[in-house]
$ cat coords-v2.json   # JSON, C-alpha atoms
[["chain", "number", "residue", "atom", "x", "y", "z"],
["A", 1, "VAL", "CA", 61.68, 100.48, 89.82],
["A", 2, "ASN", "CA", 60.67, 104.02, 88.84],
["A", 3, "SER", "CA", 58.66, 104.99, 91.92],
["A", 4, "LYS", "CA", 59.52, 108.42, 93.32],
["A", 5, "THR", "CA", 59.84, 109.93, 96.77],
["A", 6, "ASP", "CA", 58.25, 113.27, 97.65],
["A", 7, "SER", "CA", 61.45, 114.91, 96.38],
["A", 8, "GLY", "CA", 61.25, 113.04, 93.08],
["A", 9, "ARG", "CA", 64.12, 110.65, 93.74],
["A", 10, "THR", "CA", 63.93, 107.16, 92.31],
["A", 11, "PRO", "CA", 65.68, 104.01, 93.54],
["A", 12, "LEU", "CA", 68.28, 104.72, 90.86],
["A", 13, "HIS", "CA", 68.96, 108.18, 92.37],
["A", 14, "PHE", "CA", 69.57, 106.44, 95.71],
["A", 15, "ALA", "CA", 71.88, 103.85, 94.14],
["A", 16, "VAL", "CA", 73.98, 106.70, 92.70],
["A", 17, "TYR", "CA", 73.90, 108.66, 95.97],
["A", 18, "HIS", "CA", 75.07, 105.60, 97.94],
["A", 19, "ASN", "CA", 77.74, 104.84, 95.30],
["A", 20, "THR", "CA", 76.56, 101.31, 94.51],
["A", 21, "PRO", "CA", 77.37, 100.75, 90.82],
["A", 22, "GLN", "CA", 76.18, 97.14, 90.73],
["A", 23, "ALA", "CA", 72.82, 98.07, 92.27],
["A", 24, "ALA", "CA", 72.45, 100.92, 89.77],
["A", 25, "ALA", "CA", 73.28, 98.65, 86.84],
["A", 26, "GLN", "CA", 70.80, 96.04, 88.06],
["A", 27, "LEU", "CA", 68.07, 98.67, 88.43],
["A", 28, "ILE", "CA", 68.70, 99.85, 84.87],
["A", 29, "MET", "CA", 68.54, 96.27, 83.62],
["A", 30, "LEU", "CA", 65.18, 95.93, 85.43],
["A", 31, "GLY", "CA", 63.83, 99.02, 83.67],
["A", 32, "ALA", "CA", 64.82, 101.97, 85.86],
["A", 33, "ASP", "CA", 64.90, 105.24, 83.94],
["A", 34, "PRO", "CA", 68.38, 106.84, 84.12],
["A", 35, "HIS", "CA", 66.88, 110.09, 82.82],
["A", 36, "ALA", "CA", 64.06, 110.46, 85.40],
["A", 37, "LYS", "CA", 64.27, 113.94, 86.94],
["A", 38, "ASN", "CA", 64.02, 114.69, 90.64],
["A", 39, "ASP", "CA", 62.72, 117.95, 92.11],
["A", 40, "ARG", "CA", 66.16, 119.53, 91.55],
["A", 41, "ASP", "CA", 65.85, 118.68, 87.84],
["A", 42, "LEU", "CA", 68.65, 116.10, 88.07],
["A", 43, "SER", "CA", 68.46, 112.65, 86.57],
["A", 44, "PRO", "CA", 70.34, 109.73, 88.15],
["A", 45, "TYR", "CA", 72.78, 109.96, 85.23],
["A", 46, "GLU", "CA", 73.43, 113.67, 85.89],
["A", 47, "SER", "CA", 73.68, 112.96, 89.62],
["A", 48, "ILE", "CA", 76.85, 110.96, 89.00],
["A", 49, "VAL", "CA", 78.59, 114.30, 88.48],
["A", 50, "GLU", "CA", 76.57, 116.28, 91.04],
["A", 51, "TRP", "CA", 77.41, 113.81, 93.82],
["A", 52, "ASN", "CA", 80.98, 113.11, 92.63],
["A", 53, "ARG", "CA", 80.31, 109.45, 91.84],
["A", 54, "GLU", "CA", 82.43, 109.16, 88.69],
["A", 55, "ASP", "CA", 83.46, 105.61, 89.64],
["A", 56, "MET", "CA", 79.83, 104.63, 88.95],
["A", 57, "ARG", "CA", 79.93, 105.75, 85.33],
["A", 58, "PRO", "CA", 81.36, 102.55, 83.71],
["A", 59, "ALA", "CA", 78.75, 100.15, 85.16],
["A", 60, "PHE", "CA", 75.97, 102.70, 84.71],
["A", 61, "GLU", "CA", 76.82, 103.37, 81.06],
["A", 62, "GLU", "CA", 77.35, 99.69, 80.27],
["A", 63, "ALA", "CA", 73.86, 98.88, 81.58],
["A", 64, "MET", "CA", 72.46, 101.72, 79.47],
["A", 65, "ARG", "CA", 74.23, 100.35, 76.39],
["A", 66, "LEU", "CA", 72.94, 96.83, 77.04],
["A", 67, "LYS", "CA", 69.38, 98.13, 77.40],
["A", 68, "LYS", "CA", 69.84, 100.40, 74.34],
["A", 69, "ILE", "CA", 68.99, 103.51, 76.34],
["A", 70, "ALA", "CA", 70.01, 106.75, 74.65],
["A", 71, "PHE", "CA", 72.60, 108.99, 76.24],
["A", 72, "LEU", "CA", 70.62, 112.22, 76.33],
["A", 73, "PRO", "CA", 72.38, 115.58, 76.57],
["A", 74, "PRO", "CA", 72.18, 116.89, 80.14],
["A", 75, "THR", "CA", 69.55, 119.54, 80.75],
["A", 76, "SER", "CA", 70.57, 120.64, 84.22],
["A", 77, "PRO", "CA", 73.25, 123.32, 84.66],
["A", 78, "VAL", "CA", 75.41, 120.86, 86.61],
["A", 79, "GLY", "CA", 75.14, 118.16, 83.97],
["A", 80, "ALA", "CA", 75.73, 120.61, 81.15],
["A", 81, "LEU", "CA", 79.01, 121.73, 82.71],
["A", 82, "HIS", "CA", 80.27, 118.18, 83.25],
["A", 83, "ALA", "CA", 79.13, 116.14, 80.28],
["A", 84, "PRO", "CA", 82.24, 114.49, 78.84],
["A", 85, "HIS", "CA", 80.35, 111.25, 78.10],
["A", 86, "ALA", "CA", 76.94, 112.66, 77.17],
["A", 87, "GLU", "CA", 77.70, 112.34, 73.47],
["A", 88, "LEU", "CA", 78.14, 108.56, 73.63],
["A", 89, "HIS", "CA", 75.46, 106.55, 71.83]]
$ encode --input "coords-v2.json" --output "structure tokens"
Amino acid sequence: VNSKTDSGRTPLHFAVYHNTPQAAAQLIMLGADPHAKNDRDLSPYESIVEWNREDMRPAFEEAMRLKKIAFLPPTSPVGALHAPHAELH
């Protein structure tokens, strides 16, 4: 579930890109890393903002909570500018 393309995208990046919250949540529950960086230094979690997929956030964050995955502060410039939920633990 954490394999990467040549550009560093994981299946979770693609789930965010294609705006499929249930697929993203299922991938997280199966062990996908929401903080895995692609070649643009964006994680799937940060990509929610980059690709304007805010409707994905509830299912994505709920899966992270259930799996006890930390909400890391964004490291990319895009994520740092749009991190209203990054402080949730």
$ residues_around --input "coords-v2.json" --residues "Leu66 of chain A" --least-positions-apart "3" --cutoff "12 Å" --atoms "all atoms listed in the file" --output "ChimeraX atom specification"
/A:25-26,28-31,59-63,69-70,89
$ atom_distance --input "coords-v2.json" --atom1 "atom CA of Lys68 of chain A" --atom2 "atom CA of Asp6 of chain A"
29.0 Å
$ atom_distance --input "coords-v2.json" --atom1 "atom CA of Arg40 of chain A" --atom2 "atom CA of Lys67 of chain A"
25.9 Å
$ atom_distance --input "coords-v2.json" --atom1 "atom CA of Asn38 of chain A" --atom2 "atom CA of Ala15 of chain A"
13.8 Å
$ residues_near_point --input "coords-v2.json" --point "(82.6, 105.9, 89.5)" --cutoff "12 Å" --atoms "all atoms listed in the file" --output "PyMOL selection string"
chain A and resi 15-22+24+45+47-49+51-61
$ closest_residue --input "coords-v2.json" --among "A:Asp33, A:Glu46, A:Leu72, A:Ala23" --to "Thr10 of chain A" --atoms "only C-alpha atoms"
A:Asp33
$ closest_residue --input "coords-v2.json" --among "A:Phe71, A:Arg65, A:Pro44, A:Asp39" --to "Asn2 of chain A" --atoms "all atoms listed in the file"
A:Pro44
